[in-house]
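Undergrad: The structure's right below; bear with me while I get my questions together.
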Amino acid sequence: QVQLVESGGGLVQPGGSLRLSCAASGSIFSINAMGWYRQAPGKERELVVLITKGGSTNYADSVKGRFTISRDNAKNTVYLQMNSLKPEDTAVYYCNGASIVGRDYWGQGTQVTVSS
């Protein structure tokens, strides 16, 4: 089992920044990739960015150049730095861990609201 706990969401004005954190615990050796997804009201959950164990990243076109994923292996934590936020970035952001056997683990989600 893997536990994921997100933090760092909140309310920010357009053009502002936020940093989300996702702390992993448990059987983290089984995790092959970590990522951030988001779900806006009335929409399906979508991939924001993925980072593999080898460090390869895959960003959604809508966030390229504005969001950056990073990780601190010593702390078992993945971060999402979000800059130049737009109202359309408003969503619940979920941390995801994909295991080597294809199982997905999810955090509880953290709300990000971009509004003036």
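For the structure tokens, the naming scheme is as follows: chains receive sequential letters (A, B, ...) according to their order of presentation, residues are indexed from 1 within each chain, and ligands are indexed from 1 in presentation order.
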I'd like to know which residues of chain A are strand (DSSP E) (by DSSP, run on the backbone); could you write them as a ChimeraX atom specification?

TA: /A:2-7,10-12,18-26,31-39,46-52,57-59,67-72,77-82,91-99,104-106,110-114

Undergrad: How would the residues just chosen look if you wrote them out with C-alpha atoms as a tab-separated table (two decimals), in the first residue's frame?

TA:
```
chain	number	residue	atom	x	y	z
A	2	VAL	CA	1.03	3.56	-0.71
A	3	GLN	CA	-0.34	6.63	1.00
A	4	LEU	CA	-0.27	10.03	-0.69
A	5	VAL	CA	-1.01	13.28	1.12
A	6	GLU	CA	-1.31	16.54	-0.79
A	7	SER	CA	-0.99	20.04	0.58
A	10	GLY	CA	-5.71	27.59	-1.89
A	11	LEU	CA	-7.08	30.74	-3.43
A	12	VAL	CA	-4.84	32.82	-5.65
A	18	LEU	CA	1.15	28.18	-5.78
A	19	ARG	CA	3.24	25.15	-4.90
A	20	LEU	CA	1.58	21.83	-4.22
A	21	SER	CA	3.28	19.06	-2.29
A	22	CYS	CA	2.61	15.33	-2.27
A	23	ALA	CA	4.19	13.26	0.46
A	24	ALA	CA	4.34	9.52	-0.16
A	25	SER	CA	4.66	6.79	2.43
A	26	GLY	CA	4.29	3.03	2.58
A	31	ILE	CA	6.01	3.26	-7.51
A	32	ASN	CA	7.14	3.61	-11.10
A	33	ALA	CA	5.83	7.10	-11.81
A	34	MET	CA	4.25	9.99	-9.94
A	35	GLY	CA	1.95	12.60	-11.33
A	36	TRP	CA	-0.54	15.34	-10.79
A	37	TYR	CA	-4.05	15.25	-12.16
A	38	ARG	CA	-6.86	17.76	-11.84
A	39	GLN	CA	-10.60	17.74	-12.05
A	46	GLU	CA	-7.11	15.07	-16.61
A	47	LEU	CA	-3.37	14.60	-16.47
A	48	VAL	CA	-1.39	17.70	-15.59
A	49	VAL	CA	2.11	16.25	-15.47
A	50	LEU	CA	3.85	12.93	-14.97
A	51	ILE	CA	7.38	12.15	-13.81
A	52	THR	CA	8.85	8.69	-14.13
A	57	THR	CA	8.39	14.26	-17.58
A	58	ASN	CA	5.23	14.67	-19.60
A	59	TYR	CA	3.26	17.90	-19.31
A	67	PHE	CA	3.98	24.43	-14.22
A	68	THR	CA	7.04	22.50	-13.07
A	69	ILE	CA	7.16	19.14	-11.35
A	70	SER	CA	10.06	18.26	-9.08
A	71	ARG	CA	10.82	15.73	-6.40
A	72	ASP	CA	12.86	15.30	-3.26
A	77	THR	CA	7.84	14.16	-1.81
A	78	VAL	CA	6.81	15.44	-5.21
A	79	TYR	CA	6.10	19.11	-5.83
A	80	LEU	CA	4.11	21.01	-8.42
A	81	GLN	CA	5.15	24.62	-8.85
A	82	MET	CA	2.37	26.50	-10.61
A	91	ALA	CA	-9.75	22.46	-10.03
A	92	VAL	CA	-9.16	19.85	-7.40
A	93	TYR	CA	-5.60	18.64	-7.85
A	94	TYR	CA	-4.80	15.02	-7.11
A	95	CYS	CA	-1.47	13.36	-6.60
A	96	ASN	CA	-1.09	9.98	-8.28
A	97	GLY	CA	1.34	7.14	-7.89
A	98	ALA	CA	1.46	4.39	-10.49
A	99	SER	CA	2.95	1.11	-9.36
A	104	ASP	CA	-2.91	3.49	-9.14
A	105	TYR	CA	-2.77	5.26	-5.80
A	106	TRP	CA	-4.46	8.61	-5.21
A	110	THR	CA	-6.42	19.71	-2.78
A	111	GLN	CA	-8.50	22.59	-4.09
A	112	VAL	CA	-6.87	25.26	-6.22
A	113	THR	CA	-9.01	28.31	-7.02
A	114	VAL	CA	-7.77	31.05	-9.31
```

Undergrad: Pull the helix (DSSP H, G or I) assignments for chain A out of DSSP run on the backbone, and list those residues as a ChimeraX atom specification.

TA: /A:28-30,87-89

Undergrad: Which is closest to A:Arg66 among A:Ser116, A:Ser30, A:Gly16, A:Thr90, if we use only C-alpha atoms?

TA: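 That would be A:Gly16, the residue with the smallest distance to A:Arg66.
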
Undergrad: A:Lys86, A:Arg103, A:Lys75, A:Lys43: which is nearest A:Pro14, counting only C-alpha atoms?

TA: A:Lys86

Undergrad: Which one of A:Gly42, A:Gly8, A:Asn76, A:Asp89 sits closest to A:Ala60 if you count only C-alpha atoms?

TA: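 That would be A:Asp89, the residue with the smallest distance to A:Ala60.
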
Undergrad: Could you work out how far atom CA of A:Glu88 lies from atom CA of A:Gly109, giving the answer in Å with one decimal?

TA: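 One can read the atom CA of A:Gly109 to atom CA of A:Glu88 distance as 17.3 Å.
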
Undergrad: From the list A:Gly65, A:Gly54, A:Gly107, A:Pro41, which residue is nearest A:Ser84 when using only C-alpha atoms?

TA: A:Gly65

Undergrad: Name the closest residue to A:Leu85 among the candidates A:Asn73, A:Gln108, A:Ser115, A:Ser27; distances are taken between atoms, counting only C-alpha atoms.

TA: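 Once distances to A:Leu85 are computed over only C-alpha atoms, the minimum belongs to A:Ser115.
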